[in-house]
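Notes for the one structure printed next.
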Amino acid sequence: MISSLFENNLRWAAGRARMDPEYFRRLAGQQSPEYLWIGCSDSRVPANEIVGLDPGELFVHRNVANLTPPQDANFLSVLQFAVEILEVRHIIVCGHYGCGGVRAAVDGRRHGLIDHWLQPIACLCRRDAAELDGILDFEARVNLVCERNVLAQVESLADNPFVRDAWGRGQPLSIHGWIYSIQDGLLRDLETTRQGPAGARAATLKAQRGRPRRRRPE
């Protein structure tokens with residue numbers, strides 16, 4: 001079974017080289033992505049593929065339930081590198097419907113170590129318990145929490161010191177909240193884009209005017 005992965009890799013590399021002889025040379029030169037993708041570890045959500053970008057065009061961080069915990073050194077290292085070194089222009093928090101991590105937080109049962117990681121979602125569920133308890137369809141309840149979890153992570157990022165420092169120095173940086181449906185392969189914008197706190201918004205807009213205009217996500 002493992003050997004087949006190496007065989008797949010050989011075919012993939014050879015196919016890439018045939019289509020574009022300079023492909024790997026360009027990748028080896030440098031990476032200069034404009035996007036940081038914060039997504040779920042779920043193997044059914046391949047970040048580059050669903051947005052049609054090649055390696056090198058999307059800087060990716062994935063964890064269970066697409067969280068942005070300010071106490072997690074792994075996440076913070078990725079965020080700082082993306083914002084301060086790569087100078088990405090967009091951070092995309094992308095959840096997905098039917099997320100197993102969210103489901104584990106919603107069902108209220110004990111699952112072991114993962115319960116500690118999912119505590120922010122469990123807190124969200126307790127905060128909105130009156131509304132969530134009124135949704136009898138469990139899958140609908142899970143999907144609503146999937147959306148609200150994305151919104152919560154966008155707000156957490158907007159409060160992150162690395163992000164606020166970037167906005168403070170006028171760096172053009174937007175945070176977007178999206179959700180993906182495994183059932184139809186489509187992304188949905190949750191319309192929660194943040195482009196800076198009130199105090200830094202003017203500086204951010206001024207910096208953006210000095211850069212080429214880019215098409216916003218649909």
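Please note that chains go A, B, ... in the order of the structure tokens, that every chain numbers its residues from 1, and that ligands are numbered from 1 in the order shown.
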
In chain A, what's strand (DSSP E or B) per DSSP? Answer as a PyMOL selection string?
chain A and resi 35-40+58-63+90-96+174-181+186-189+194

Near-Val64 of chain A list (7 Å; only C-alpha atoms; drop same-chain fewer than 3 positions) as a ChimeraX atom specification:
/A:40-41,101

Once you have the residues from the selection above, write them out as a compact mmCIF listing (two decimals), in the first residue's frame, restricted to N, CA and C atoms.
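Result saved to out_12.txt:
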```txt
# COMPACT_ATOMS: atom_id res chain seq x y z
N CYS A 40 -9.83 23.02 8.04
CA CYS A 40 -9.96 21.81 8.85
C CYS A 40 -9.03 20.72 8.32
N SER A 41 -8.61 19.83 9.22
CA SER A 41 -7.74 18.71 8.83
C SER A 41 -8.47 17.65 8.02
N GLY A 101 -15.19 17.53 14.03
CA GLY A 101 -14.79 18.19 15.25
C GLY A 101 -15.93 18.98 15.86
```

Need the shell around Val150 of chain A: protein/DNA/RNA residues with any atom at most 12 Å away, counting only C-alpha atoms. Skip same-chain ones fewer than 3 positions apart. Format as a ChimeraX atom specification?
/A:38-40,65-68,92-97,99,102,120-121,124,143-147,153-157,175-180,188-193

Please identify all polymer residues within 12 Å of Leu27 of chain A, counting only C-alpha atoms, omitting same-chain residues fewer than 6 positions from it, and present them as a ChimeraX atom specification.
/A:16,20-21,33,54-57

Can you write just those residues out, C-alpha atoms, as a PDB file, in the first residue's frame?
```
ATOM      1  CA  ARG A  16       3.793  17.995 -14.176  1.00  0.00           C
ATOM      2  CA  ASP A  20       5.379  22.583 -17.717  1.00  0.00           C
ATOM      3  CA  PRO A  21       9.140  21.891 -17.779  1.00  0.00           C
ATOM      4  CA  PRO A  33       1.368  33.416  -1.790  1.00  0.00           C
ATOM      5  CA  ASP A  54      -1.141  25.602  -7.510  1.00  0.00           C
ATOM      6  CA  PRO A  55       1.318  24.853  -4.701  1.00  0.00           C
ATOM      7  CA  GLY A  56       3.119  28.064  -3.828  1.00  0.00           C
ATOM      8  CA  GLU A  57      -0.003  30.173  -4.317  1.00  0.00           C
TER       9      GLU A  57
END
```

Out of A:Pro46, A:Val106, A:Trp37, A:Ala14, which residue has the shortest atom-to-atom distance to Val78 of chain A when counting only C-alpha atoms?
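When distances to Val78 of chain A are compared using only C-alpha atoms, the smallest one comes from A:Trp37.
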
Would you mind listing what lies within 10 Å of Phe75 of chain A as a PyMOL selection string, with only C-alpha atoms counted and same-chain residues fewer than 4 positions away left out?
chain A and resi 38+61-63+67-71+79-80

Return the single residue from A:Ala152, A:Leu76, A:Ile91, A:Gln119 that is closest to Ser174 of chain A, with distances computed using only C-alpha atoms.
A:Ile91

Run DSSP on the backbone and grab whatever in segment 141-192 of chain A lands in helix (DSSP H, G or I); send it over as a PyMOL selection string.
chain A and resi 141-158+161-168

Those same residues - C-alpha atoms - I'd like them written as a PDB file, in the first residue's frame.
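The result, stored in out-v5.pdb:
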```pdb
ATOM      1  CA  ARG A 141     -27.677  22.140  14.486  1.00  0.00           C
ATOM      2  CA  VAL A 142     -24.153  20.949  13.666  1.00  0.00           C
ATOM      3  CA  ASN A 143     -24.104  22.936  10.430  1.00  0.00           C
ATOM      4  CA  LEU A 144     -25.224  26.122  12.177  1.00  0.00           C
ATOM      5  CA  VAL A 145     -22.419  25.704  14.701  1.00  0.00           C
ATOM      6  CA  CYS A 146     -19.985  25.092  11.809  1.00  0.00           C
ATOM      7  CA  GLU A 147     -20.918  28.530  10.460  1.00  0.00           C
ATOM      8  CA  ARG A 148     -20.764  30.233  13.851  1.00  0.00           C
ATOM      9  CA  ASN A 149     -17.415  28.658  14.579  1.00  0.00           C
ATOM     10  CA  VAL A 150     -16.000  30.260  11.421  1.00  0.00           C
ATOM     11  CA  LEU A 151     -17.406  33.641  12.476  1.00  0.00           C
ATOM     12  CA  ALA A 152     -15.868  33.230  15.940  1.00  0.00           C
ATOM     13  CA  GLN A 153     -12.454  32.414  14.472  1.00  0.00           C
ATOM     14  CA  VAL A 154     -12.576  35.479  12.211  1.00  0.00           C
ATOM     15  CA  GLU A 155     -13.258  37.654  15.253  1.00  0.00           C
ATOM     16  CA  SER A 156     -10.466  35.936  17.181  1.00  0.00           C
ATOM     17  CA  LEU A 157      -8.037  36.646  14.333  1.00  0.00           C
ATOM     18  CA  ALA A 158      -9.128  40.279  14.185  1.00  0.00           C
ATOM     19  CA  PRO A 161      -1.680  40.946  18.073  1.00  0.00           C
ATOM     20  CA  PHE A 162       0.100  39.900  14.859  1.00  0.00           C
ATOM     21  CA  VAL A 163      -2.926  40.944  12.805  1.00  0.00           C
ATOM     22  CA  ARG A 164      -3.523  44.146  14.740  1.00  0.00           C
ATOM     23  CA  ASP A 165       0.140  45.106  14.392  1.00  0.00           C
ATOM     24  CA  ALA A 166      -0.095  44.573  10.634  1.00  0.00           C
ATOM     25  CA  TRP A 167      -3.157  46.794  10.427  1.00  0.00           C
ATOM     26  CA  GLY A 168      -1.474  49.363  12.640  1.00  0.00           C
TER      27      GLY A 168
END
```

Between atom CA of Tyr23 of chain A and atom CA of Leu53 of chain A, what is the distance in Å, rounded to a tenth?
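These atoms are spaced 13.5 Å apart.
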
Identify which of the residues A:Arg169, A:Val88, A:Val60, A:Arg126 lies closest to Ala47 of chain A, counting only C-alpha atoms when measuring atom-to-atom distances.
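Counting only C-alpha atoms, the residue closest to Ala47 of chain A is A:Val60.
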
Computed interatomic separation between atom CA of Ile182 of chain A and atom CA of Ala105 of chain A (Å)
19.7 Å

To one decimal place, how far is atom CA of Ala122 of chain A from atom CA of Gly196 of chain A in Å?
27.7 Å
